[in-house]
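Structure data follow from query.cif (mmCIF, C-alpha atoms (C1' of nucleotides)):
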```cif
data_run
#
loop_
_atom_site.label_atom_id
_atom_site.label_comp_id
_atom_site.auth_asym_id
_atom_site.auth_seq_id
_atom_site.Cartn_x
_atom_site.Cartn_y
_atom_site.Cartn_z
CA MET A 1105 -19.76 -11.84 -3.27
CA PRO A 1106 -20.14 -15.50 -2.42
CA GLY A 1107 -19.93 -16.28 1.27
CA MET A 1108 -21.11 -12.80 2.12
CA ASP A 1109 -24.73 -13.02 1.21
CA ASP A 1110 -25.85 -13.29 4.83
CA GLN A 1111 -24.50 -9.85 5.60
CA ARG A 1112 -26.00 -7.87 8.39
CA PRO A 1113 -26.97 -4.45 7.04
CA GLY A 1114 -24.05 -2.57 8.54
CA PHE A 1115 -21.51 -4.79 6.89
CA ALA A 1116 -22.67 -3.94 3.41
CA LEU A 1117 -22.11 -0.23 3.50
CA PRO A 1118 -18.30 -0.13 3.57
CA LEU A 1119 -18.23 -2.70 0.80
CA LEU A 1120 -20.59 -0.65 -1.30
CA LEU A 1121 -18.59 2.49 -0.80
CA LEU A 1122 -15.37 0.78 -1.71
CA ALA A 1123 -16.88 -0.95 -4.70
CA ALA A 1124 -18.28 2.31 -6.02
CA PHE A 1125 -14.97 4.04 -5.55
CA HIS A 1126 -13.18 1.24 -7.32
CA ALA A 1127 -15.68 1.20 -10.14
CA LEU A 1128 -15.04 4.87 -10.71
CA VAL A 1129 -11.29 4.74 -10.51
CA ASP A 1130 -10.89 1.58 -12.57
CA GLU A 1131 -13.02 3.00 -15.30
CA LEU A 1132 -11.09 6.26 -15.23
CA HIS A 1133 -7.84 4.45 -15.77
CA GLU A 1134 -9.16 2.26 -18.50
CA ARG A 1135 -10.16 5.37 -20.36
CA LEU A 1136 -6.91 7.17 -19.61
CA VAL A 1137 -4.97 4.30 -21.13
CA ALA A 1138 -7.02 4.76 -24.27
CA VAL A 1139 -6.07 8.41 -24.57
CA GLY A 1140 -2.35 7.98 -24.13
CA HIS A 1141 -1.76 7.88 -20.38
CA PRO A 1142 -1.06 4.24 -19.66
CA ASP A 1143 1.15 4.90 -16.65
CA ALA A 1144 -1.11 7.26 -14.76
CA ARG A 1145 -2.06 5.98 -11.36
CA PRO A 1146 -4.89 6.98 -9.08
CA ALA A 1147 -2.62 8.84 -6.71
CA HIS A 1148 -1.23 10.90 -9.58
CA GLY A 1149 -4.45 12.65 -10.42
CA PHE A 1150 -5.12 13.59 -6.84
CA ALA A 1151 -1.57 14.80 -6.36
CA LEU A 1152 -1.63 16.87 -9.53
CA GLN A 1153 -4.86 18.41 -8.39
CA ALA A 1154 -3.34 19.25 -5.03
CA ILE A 1155 -0.26 20.78 -6.65
CA GLY A 1156 -2.43 23.51 -8.08
CA PRO A 1157 -1.67 25.91 -10.89
CA VAL A 1158 1.17 27.73 -9.16
CA GLY A 1159 3.10 24.80 -7.76
CA VAL A 1160 3.99 23.73 -4.24
CA THR A 1161 6.88 22.41 -2.24
CA THR A 1162 6.98 18.73 -1.38
CA SER A 1163 6.25 19.35 2.28
CA GLU A 1164 3.27 21.52 1.50
CA LEU A 1165 1.98 18.89 -0.89
CA GLY A 1166 2.22 16.32 1.86
CA ARG A 1167 0.23 18.59 4.13
CA ARG A 1168 -2.44 19.10 1.51
CA LEU A 1169 -2.79 15.41 0.86
CA GLY A 1170 -2.68 14.54 4.53
CA VAL A 1171 0.40 12.34 4.22
CA THR A 1172 3.99 12.68 5.37
CA LYS A 1173 6.44 14.68 3.35
CA GLN A 1174 8.35 11.48 2.62
CA ALA A 1175 5.29 9.94 1.03
CA ALA A 1176 4.73 13.13 -0.93
CA ALA A 1177 8.35 13.03 -2.07
CA LYS A 1178 7.87 9.54 -3.45
CA THR A 1179 4.80 10.62 -5.36
CA VAL A 1180 6.62 13.64 -6.74
CA ALA A 1181 9.51 11.43 -7.84
CA ALA A 1182 7.10 9.16 -9.69
CA LEU A 1183 5.32 12.10 -11.30
CA GLU A 1184 8.61 13.59 -12.37
CA ARG A 1185 9.79 10.31 -13.86
CA LEU A 1186 6.60 10.20 -15.92
CA GLY A 1187 6.94 13.79 -17.03
CA TYR A 1188 3.85 15.08 -15.25
CA VAL A 1189 5.69 17.56 -13.07
CA ALA A 1190 9.00 19.40 -13.11
CA THR A 1191 10.85 20.74 -10.13
CA GLY A 1192 12.97 23.83 -9.80
CA PRO A 1193 14.39 25.96 -7.04
CA ALA A 1194 11.88 27.87 -4.96
CA PRO A 1195 12.23 31.62 -5.00
CA ALA A 1196 13.22 33.05 -1.66
CA ASP A 1197 13.85 29.74 0.04
CA GLY A 1198 17.11 27.97 -0.53
CA ARG A 1199 15.93 24.76 1.03
CA ALA A 1200 12.76 24.25 -0.93
CA HIS A 1201 12.13 22.94 -4.43
CA LEU A 1202 9.05 24.08 -6.23
CA VAL A 1203 7.05 21.32 -7.90
CA ARG A 1204 5.08 22.48 -10.94
CA ARG A 1205 2.82 20.68 -13.36
CA THR A 1206 4.10 20.28 -16.90
CA ALA A 1207 1.92 20.66 -19.98
CA ARG A 1208 1.49 16.89 -19.92
CA GLY A 1209 0.47 17.09 -16.30
CA GLU A 1210 -2.13 19.69 -17.12
CA GLU A 1211 -3.36 17.47 -19.91
CA LEU A 1212 -3.70 14.45 -17.64
CA LEU A 1213 -5.59 16.53 -15.15
CA ALA A 1214 -7.93 17.95 -17.77
CA LEU A 1215 -8.59 14.48 -19.19
CA SER A 1216 -9.22 13.07 -15.73
CA ALA A 1217 -11.64 15.84 -14.91
CA GLU A 1218 -13.42 15.25 -18.19
CA ILE A 1219 -13.68 11.53 -17.66
CA PHE A 1220 -14.79 11.86 -14.05
CA ALA A 1221 -17.42 14.32 -15.15
CA ALA A 1222 -18.56 11.91 -17.86
CA LEU A 1223 -18.75 9.03 -15.39
CA ARG A 1224 -20.68 11.12 -12.94
CA ALA A 1225 -23.03 12.09 -15.74
CA GLU A 1226 -23.55 8.42 -16.62
CA TRP A 1227 -24.46 7.62 -13.05
CA ALA A 1228 -26.64 10.66 -12.80
CA ALA A 1229 -28.46 9.55 -15.93
CA ARG A 1230 -29.29 6.26 -14.28
CA LEU A 1231 -30.12 7.58 -10.84
CA GLY A 1232 -31.42 10.99 -11.60
CA GLU A 1233 -29.53 14.19 -10.97
CA ARG A 1234 -31.42 14.84 -7.78
CA ARG A 1235 -30.41 11.60 -6.13
CA MET A 1236 -26.89 11.97 -7.40
CA ALA A 1237 -26.59 15.36 -5.76
CA GLN A 1238 -28.17 13.96 -2.63
CA ILE A 1239 -25.62 11.20 -2.40
CA GLU A 1240 -22.82 13.73 -2.66
CA ASP A 1241 -24.39 15.88 0.00
CA ASP A 1242 -24.94 12.99 2.32
CA LEU A 1243 -21.47 11.59 1.87
CA ASP A 1244 -20.07 14.99 2.54
CA ARG A 1245 -21.98 15.28 5.79
CA ILE A 1246 -20.93 11.81 6.80
CA GLY A 1247 -17.29 11.49 5.95
CA GLY A 1248 -16.80 15.21 6.04
CA GLY A 1249 -13.67 16.96 7.11
CA ARG A 1250 -11.44 13.95 6.63
CA ARG A 1251 -8.13 13.72 4.98
CA LEU A 1252 -7.36 11.06 2.43
CA SER A 1253 -4.92 9.20 4.56
CA SER A 1254 -5.83 8.18 8.04
CA GLY A 1255 -2.32 8.41 9.43
CA GLY A 1256 -1.13 6.07 12.10
CA GLN A 1257 -1.17 2.39 11.44
CA MET A 1258 -3.92 2.29 8.86
CA PRO A 1259 -3.48 0.21 5.74
CA ALA A 1260 -3.03 1.40 2.22
CA TRP A 1261 -6.69 1.84 1.44
CA MET B 901 -8.88 19.91 1.28
CA PRO B 902 -6.81 23.01 0.53
CA GLY B 903 -5.83 23.39 -3.10
CA MET B 904 -8.78 21.32 -4.19
CA ASP B 905 -11.56 23.75 -3.60
CA ASP B 906 -11.92 24.53 -7.29
CA GLN B 907 -12.88 20.95 -8.02
CA ARG B 908 -14.99 20.20 -11.01
CA PRO B 909 -18.04 18.25 -9.88
CA GLY B 910 -16.86 14.87 -11.13
CA PHE B 911 -13.67 15.06 -9.20
CA ALA B 912 -15.39 15.26 -5.86
CA LEU B 913 -17.30 12.02 -5.98
CA PRO B 914 -14.42 9.54 -5.69
CA LEU B 915 -12.98 11.60 -2.87
CA LEU B 916 -16.29 11.57 -1.05
CA LEU B 917 -16.67 7.83 -1.45
CA LEU B 918 -13.18 7.18 -0.21
CA ALA B 919 -13.54 9.56 2.70
CA ALA B 920 -16.78 7.94 3.77
CA PHE B 921 -15.25 4.49 3.55
CA HIS B 922 -12.29 5.62 5.57
CA ALA B 923 -14.46 7.29 8.16
CA LEU B 924 -16.32 4.05 8.65
CA VAL B 925 -13.31 1.79 8.81
CA ASP B 926 -11.22 4.05 11.01
CA GLU B 927 -14.03 4.34 13.48
CA LEU B 928 -14.56 0.58 13.44
CA HIS B 929 -10.97 -0.03 14.36
CA GLU B 930 -10.91 2.57 17.06
CA ARG B 931 -13.80 0.81 18.69
CA LEU B 932 -12.35 -2.65 18.14
CA VAL B 933 -9.22 -1.62 19.98
CA ALA B 934 -11.40 -0.62 22.89
CA VAL B 935 -12.99 -4.06 23.10
CA GLY B 936 -9.81 -6.08 23.02
CA HIS B 937 -8.90 -6.45 19.36
CA PRO B 938 -6.00 -4.06 18.90
CA ASP B 939 -4.41 -6.02 16.07
CA ALA B 940 -7.44 -6.47 13.89
CA ARG B 941 -7.01 -4.92 10.47
CA PRO B 942 -9.60 -3.97 7.89
CA ALA B 943 -8.76 -6.88 5.64
CA HIS B 944 -9.27 -9.31 8.51
CA GLY B 945 -12.95 -8.66 8.96
CA PHE B 946 -13.66 -9.01 5.29
CA ALA B 947 -11.62 -12.19 5.05
CA LEU B 948 -13.29 -13.73 8.11
CA GLN B 949 -16.64 -12.92 6.61
CA ALA B 950 -15.63 -14.56 3.35
CA ILE B 951 -14.36 -17.67 5.14
CA GLY B 952 -17.90 -18.42 6.23
CA PRO B 953 -19.10 -20.73 8.96
CA VAL B 954 -17.84 -23.96 7.38
CA GLY B 955 -14.38 -22.89 6.34
CA VAL B 956 -12.66 -22.68 2.98
CA THR B 957 -9.37 -23.45 1.31
CA THR B 958 -6.91 -20.67 0.69
CA SER B 959 -7.47 -20.75 -3.06
CA GLU B 960 -11.20 -20.58 -2.68
CA LEU B 961 -10.82 -17.68 -0.27
CA GLY B 962 -8.75 -15.88 -2.84
CA ARG B 963 -11.45 -16.43 -5.40
CA ARG B 964 -14.13 -15.13 -3.07
CA LEU B 965 -12.17 -12.02 -2.25
CA GLY B 966 -11.15 -11.48 -5.84
CA VAL B 967 -7.44 -11.66 -5.13
CA THR B 968 -4.72 -14.18 -5.97
CA LYS B 969 -4.29 -17.26 -3.84
CA GLN B 970 -0.91 -15.93 -2.77
CA ALA B 971 -2.48 -12.79 -1.39
CA ALA B 972 -5.11 -14.90 0.33
CA ALA B 973 -2.38 -17.08 1.80
CA LYS B 974 -0.71 -14.04 3.33
CA THR B 975 -3.96 -12.93 4.88
CA VAL B 976 -4.59 -16.40 6.25
CA ALA B 977 -1.09 -16.48 7.72
CA ALA B 978 -1.73 -13.18 9.48
CA LEU B 979 -5.12 -14.31 10.76
CA GLU B 980 -3.62 -17.52 12.04
CA ARG B 981 -0.82 -15.71 13.82
CA LEU B 982 -3.43 -13.58 15.56
CA GLY B 983 -5.54 -16.57 16.52
CA TYR B 984 -8.53 -15.66 14.39
CA VAL B 985 -8.44 -18.79 12.25
CA ALA B 986 -7.02 -22.30 12.49
CA THR B 987 -6.10 -24.54 9.63
CA GLY B 988 -6.36 -28.28 9.32
CA PRO B 989 -6.29 -30.87 6.59
CA ALA B 990 -9.18 -30.80 4.16
CA PRO B 991 -11.26 -33.94 4.01
CA ALA B 992 -10.98 -35.73 0.68
CA ASP B 993 -8.23 -33.55 -0.73
CA GLY B 994 -4.67 -34.20 0.27
CA ARG B 995 -3.41 -30.96 -1.21
CA ALA B 996 -5.79 -28.58 0.45
CA HIS B 997 -5.84 -27.10 3.95
CA LEU B 998 -9.15 -26.08 5.40
CA VAL B 999 -9.17 -22.64 7.02
CA ARG B 1000 -11.74 -22.28 9.80
CA ARG B 1001 -12.64 -19.43 12.10
CA THR B 1002 -11.76 -19.86 15.76
CA ALA B 1003 -13.99 -18.73 18.62
CA ARG B 1004 -11.98 -15.52 18.73
CA GLY B 1005 -12.51 -15.11 15.02
CA GLU B 1006 -16.24 -15.47 15.48
CA GLU B 1007 -16.07 -12.93 18.24
CA LEU B 1008 -14.23 -10.40 16.10
CA LEU B 1009 -16.75 -10.88 13.36
CA ALA B 1010 -19.69 -10.45 15.70
CA LEU B 1011 -18.18 -7.33 17.22
CA SER B 1012 -17.43 -5.89 13.80
CA ALA B 1013 -20.96 -6.52 12.65
CA GLU B 1014 -22.29 -4.88 15.79
CA ILE B 1015 -20.10 -1.84 15.39
CA PHE B 1016 -20.83 -1.47 11.71
CA ALA B 1017 -24.51 -1.70 12.47
CA ALA B 1018 -24.13 0.95 15.16
CA LEU B 1019 -22.24 3.25 12.81
CA ARG B 1020 -24.81 2.79 10.11
CA ALA B 1021 -27.49 3.60 12.66
CA GLU B 1022 -25.67 6.79 13.61
CA TRP B 1023 -25.52 7.88 10.01
CA ALA B 1024 -29.11 6.90 9.46
CA ALA B 1025 -30.08 9.00 12.44
CA ARG B 1026 -28.51 12.04 10.85
CA LEU B 1027 -29.67 11.46 7.31
CA GLY B 1028 -32.89 9.62 7.84
CA GLU B 1029 -33.38 5.94 7.26
CA ARG B 1030 -34.96 6.53 3.89
CA ARG B 1031 -32.00 8.37 2.45
CA MET B 1032 -29.62 5.90 4.02
CA ALA B 1033 -31.37 3.04 2.27
CA GLN B 1034 -31.43 5.04 -0.92
CA ILE B 1035 -27.68 5.55 -0.81
CA GLU B 1036 -27.15 1.84 -0.39
CA ASP B 1037 -29.48 1.06 -3.26
CA ASP B 1038 -27.86 3.59 -5.52
CA LEU B 1039 -24.34 2.52 -4.69
CA ASP B 1040 -25.34 -1.04 -5.35
CA ARG B 1041 -26.69 -0.17 -8.76
CA ILE B 1042 -23.61 1.84 -9.55
CA GLY B 1043 -20.68 -0.22 -8.35
CA GLY B 1044 -22.63 -3.42 -8.50
CA GLY B 1045 -21.18 -6.78 -9.35
CA ARG B 1046 -17.63 -5.81 -8.57
CA ARG B 1047 -15.04 -7.65 -6.62
CA LEU B 1048 -13.08 -5.97 -3.87
CA SER B 1049 -9.80 -6.03 -5.68
CA SER B 1050 -9.57 -4.82 -9.20
CA GLY B 1051 -6.84 -7.22 -10.22
CA GLY B 1052 -4.20 -6.20 -12.70
CA GLN B 1053 -2.09 -3.22 -11.92
CA MET B 1054 -4.42 -1.41 -9.57
CA PRO B 1055 -3.08 0.07 -6.38
CA ALA B 1056 -3.78 -1.05 -2.88
CA TRP B 1057 -6.86 1.03 -2.34
"C1'" DG C 355 25.96 39.49 13.88
"C1'" DC C 356 25.19 35.54 16.20
"C1'" DG C 357 22.85 31.44 18.33
"C1'" DG C 358 18.85 28.59 18.85
"C1'" DT C 359 14.75 26.78 17.02
"C1'" DG C 360 12.11 25.24 13.28
"C1'" DT C 361 11.46 23.56 8.67
"C1'" DA C 362 12.68 21.42 3.69
"C1'" DG C 363 14.31 17.76 1.92
"C1'" DA C 364 17.15 13.36 1.48
"C1'" DC C 365 18.10 8.69 2.90
"C1'" DA C 366 17.17 4.32 4.95
"C1'" DA C 367 14.46 0.75 6.88
"C1'" DC C 368 10.12 -1.10 7.36
"C1'" DC C 369 4.92 -2.36 6.82
"C1'" DT C 370 0.60 -3.86 4.31
"C1'" DG C 371 -1.75 -5.68 0.81
"C1'" DG C 372 -1.25 -6.82 -3.24
"C1'" DT C 373 1.21 -8.74 -7.83
"C1'" DT C 374 4.11 -12.31 -11.06
"C1'" DG C 375 6.52 -16.34 -11.71
"C1'" DT C 376 8.25 -20.88 -10.53
"C1'" DC C 377 7.92 -25.18 -8.37
"C1'" DT C 378 6.04 -29.55 -6.00
"C1'" DA C 379 2.46 -32.50 -4.81
"C1'" DA C 380 -1.87 -34.25 -5.21
"C1'" DC C 381 -6.16 -34.96 -7.81
"C1'" DC C 382 -8.83 -36.50 -11.67
"C1'" DC C 383 -9.96 -38.24 -16.01
"C1'" DT C 384 -9.15 -40.99 -20.03
"C1'" DA D 900 -0.21 -45.28 -16.41
"C1'" DG D 901 0.04 -40.78 -17.99
"C1'" DG D 902 -1.40 -35.89 -18.83
"C1'" DG D 903 -3.65 -31.86 -17.62
"C1'" DT D 904 -5.47 -29.14 -13.73
"C1'" DT D 905 -5.35 -27.48 -9.19
"C1'" DA D 906 -3.60 -26.41 -4.02
"C1'" DG D 907 -0.19 -24.57 -1.85
"C1'" DA D 908 4.67 -22.86 -0.88
"C1'" DC D 909 8.46 -19.81 -1.89
"C1'" DA D 910 10.69 -15.86 -3.81
"C1'" DA D 911 10.98 -11.46 -5.85
"C1'" DC D 912 8.79 -7.36 -6.62
"C1'" DC D 913 5.64 -3.08 -6.47
"C1'" DA D 914 2.83 0.98 -4.71
"C1'" DG D 915 1.88 3.79 -1.25
"C1'" DG D 916 2.37 4.58 2.97
"C1'" DT D 917 4.99 4.83 7.84
"C1'" DT D 918 9.13 6.15 11.38
"C1'" DG D 919 13.44 7.77 12.35
"C1'" DT D 920 17.76 10.14 11.41
"C1'" DC D 921 20.44 13.56 9.26
"C1'" DT D 922 21.97 18.01 6.76
"C1'" DA D 923 21.17 22.56 5.10
"C1'" DC D 924 18.93 26.63 5.19
"C1'" DA D 925 15.53 30.22 7.33
"C1'" DC D 926 14.01 32.96 10.71
"C1'" DC D 927 13.66 35.27 15.14
"C1'" DG D 928 15.41 37.27 19.40
"C1'" DC D 929 19.01 39.19 21.55
#
```
C-alpha cells encoding of this file:
Amino acid sequence: MPGMDDQRPGFALPLLLLAAFHALVDELHERLVAVGHPDARPAHGFALQAIGPVGVTTSELGRRLGVTKQAAAKTVAALERLGYVATGPAPADGRAHLVRRTARGEELLALSAEIFAALRAEWAARLGERRMAQIEDDLDRIGGGRRLSSGGQMPAW
Amino acid sequence: MPGMDDQRPGFALPLLLLAAFHALVDELHERLVAVGHPDARPAHGFALQAIGPVGVTTSELGRRLGVTKQAAAKTVAALERLGYVATGPAPADGRAHLVRRTARGEELLALSAEIFAALRAEWAARLGERRMAQIEDDLDRIGGGRRLSSGGQMPAW
DNA sequence: GCGGTGTAGACAACCTGGTTGTCTAACCCT
DNA sequence: AGGGTTAGACAACCAGGTTGTCTACACCGC
C-alpha cells in the first residue's frame, strides 16, 4: 500500500490479518456467485453455521454470534427473504419462533464449507500443511476465546 | 463458539483471522483511551498512516486506502472534527485541498505504532519470534497485494 | 391461582464505514 | 477556445451493528 511502506513492524500485523481474511472471503463469494448464490453475504454463512441442524430462536442465535438479538433478527430477516431459512413456532414456548435452515440453506452451507476447504488446501499447498496448521494453532492461542463482534462502540469490522 | 464446534477445517480459518484482528484492534483502542484518545477509531489510524508526512488530497487518500473518494472524504471530515488533520488549499491545483496531519494526529499515530509494537511483542513472547515472523511472512504471501477494502458489494468488514 | 420477574421478539432511531449517482469547478491538452 | 478528465461536494442508500422502549408469554414462589 503506497504511503505505508515505512511501517513499523507492529503496524503491519493487523493489516496482514485483515487482508488475509478479506482474500478468503472475497474469493469465497466470487465462487459462490458462480454456483448460483449471488446474494449470499459473509454474515449469512456464519449465521447459518450458528443456526445448526436443529434450529434456534433469534435470541439464542444472537448469543451464539455474540451480537444483540436485534442484530440477529435483521440477519434472520435477510436469510428468510433469500430463502435460506424458514421460521415457525417454537414448541413449548409461545413467545419464540424457531429458525431452521431450508434445503437451500443447507446447500449454501455445504458449498461454503467445500470452497473454504478448497481455499485452505490451496494455501496449504503453497505454505506446507505443517505451517498452515501452525498458523491456525497460533491464531487460536492469540485471538482465542473471542466472539465475532466486540460489542460496545466498535465499528463494523 | 457454541454451535460451531463441528466446524470443517476450512471454516475455522477466516474466523481465526478475524478474531485475531479484532483482538489486536480492540486492545489498541482500550489502550488509546487510557492515553487520552477516547475518540480514535480503527479507520483513523490507518487513514493517518496513509496520509503520510507530506499530506495528500482526498481523492488520492481514497486511492491509497482502496476506497471511493466519497468514503475518504467522510473519514477526513471525521479526522478534522477530532483535530487529527487540518486541510488547506493545495499548491498548484485550485480544485484540490491538501489534508495534513496535525501535531495531535502525529501523536495518535506514534502512540498507535507504539501500542501495536507492544502487542506484537506480547504475542511474539508467547509464540516465539520465529513463529511470529513466519506468520507475517505467510500471511503476506497469502493475502498479498490486496487493498483494505474489497470494493464492489462487499460488507463493512 | 395469582403476582412478580425474566425473557422473546418487534419497532424505532441511530451509528459507522462504505457504496452509487449527480453536479460544479478547475485543470490540461490540442 | 473547447473538450475530456479530475477534485470535491451533496444526496440517497446499504449492511451490519448499536440502544432503548414496548408487548406478550413463561416461569417461579407464595
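Picked by the PyMOL selection byres ((chain B) within 9 of (chain D)) from the coordinates shown: Thr957, Thr958, Ser959, Lys969, Gln970, Ala973, Gly994, Arg995, Ala996, His997, Pro1055 and Ala1056 of chain B.
A straight line drawn from CA of Phe1150 (chain A) to CA of Leu1039 (chain B) is 22.3 Å long.
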- Given the PyMOL selection byres ((chain A and resi 1191) around 6), the residues it picks as a ChimeraX atom specification: /A:1190,1192,1202-1203
Output as an mmCIF file with C-alpha atoms (C1' of nucleotides), in the frame of the given file the set of chain C residues within 9 Å of chain A, with distances taken over only C-alpha atoms (C1' of nucleotides).
```cif
data_model
loop_
_atom_site.group_PDB
_atom_site.id
_atom_site.type_symbol
_atom_site.label_atom_id
_atom_site.label_comp_id
_atom_site.auth_asym_id
_atom_site.auth_seq_id
_atom_site.Cartn_x
_atom_site.Cartn_y
_atom_site.Cartn_z
ATOM 1 C "C1'" DT C 361 11.460 23.560 8.670
ATOM 2 C "C1'" DA C 362 12.680 21.420 3.690
ATOM 3 C "C1'" DG C 363 14.310 17.760 1.920
ATOM 4 C "C1'" DC C 369 4.920 -2.360 6.820
ATOM 5 C "C1'" DT C 370 0.600 -3.860 4.310
ATOM 6 C "C1'" DG C 371 -1.750 -5.680 0.810
#
```
Distance-based interface of chain A with chain B, 6 Å, counting all atoms listed in the file, as a PDB file with C-alpha atoms, keeping the file's coordinate frame:
```pdb
ATOM      1  CA  GLY A1107     -19.930 -16.280   1.270  1.00  0.00           C
ATOM      2  CA  MET A1108     -21.110 -12.800   2.120  1.00  0.00           C
ATOM      3  CA  GLY A1114     -24.050  -2.570   8.540  1.00  0.00           C
ATOM      4  CA  PHE A1115     -21.510  -4.790   6.890  1.00  0.00           C
ATOM      5  CA  PRO A1118     -18.300  -0.130   3.570  1.00  0.00           C
ATOM      6  CA  LEU A1120     -20.590  -0.650  -1.300  1.00  0.00           C
ATOM      7  CA  LEU A1121     -18.590   2.490  -0.800  1.00  0.00           C
ATOM      8  CA  ALA A1123     -16.880  -0.950  -4.700  1.00  0.00           C
ATOM      9  CA  ALA A1124     -18.280   2.310  -6.020  1.00  0.00           C
ATOM     10  CA  PHE A1125     -14.970   4.040  -5.550  1.00  0.00           C
ATOM     11  CA  ALA A1127     -15.680   1.200 -10.140  1.00  0.00           C
ATOM     12  CA  ALA A1154      -3.340  19.250  -5.030  1.00  0.00           C
ATOM     13  CA  ARG A1168      -2.440  19.100   1.510  1.00  0.00           C
ATOM     14  CA  PHE A1220     -14.790  11.860 -14.050  1.00  0.00           C
ATOM     15  CA  ALA A1221     -17.420  14.320 -15.150  1.00  0.00           C
ATOM     16  CA  ARG A1224     -20.680  11.120 -12.940  1.00  0.00           C
ATOM     17  CA  LEU A1243     -21.470  11.590   1.870  1.00  0.00           C
ATOM     18  CA  GLY A1247     -17.290  11.490   5.950  1.00  0.00           C
ATOM     19  CA  ALA A1260      -3.030   1.400   2.220  1.00  0.00           C
ATOM     20  CA  TRP A1261      -6.690   1.840   1.440  1.00  0.00           C
TER      21      TRP A1261
END
```
- Item | Distance of CA of Thr975 (chain B) from C1' of DT374 (chain C), expressed in Å to one decimal place | 17.9 Å
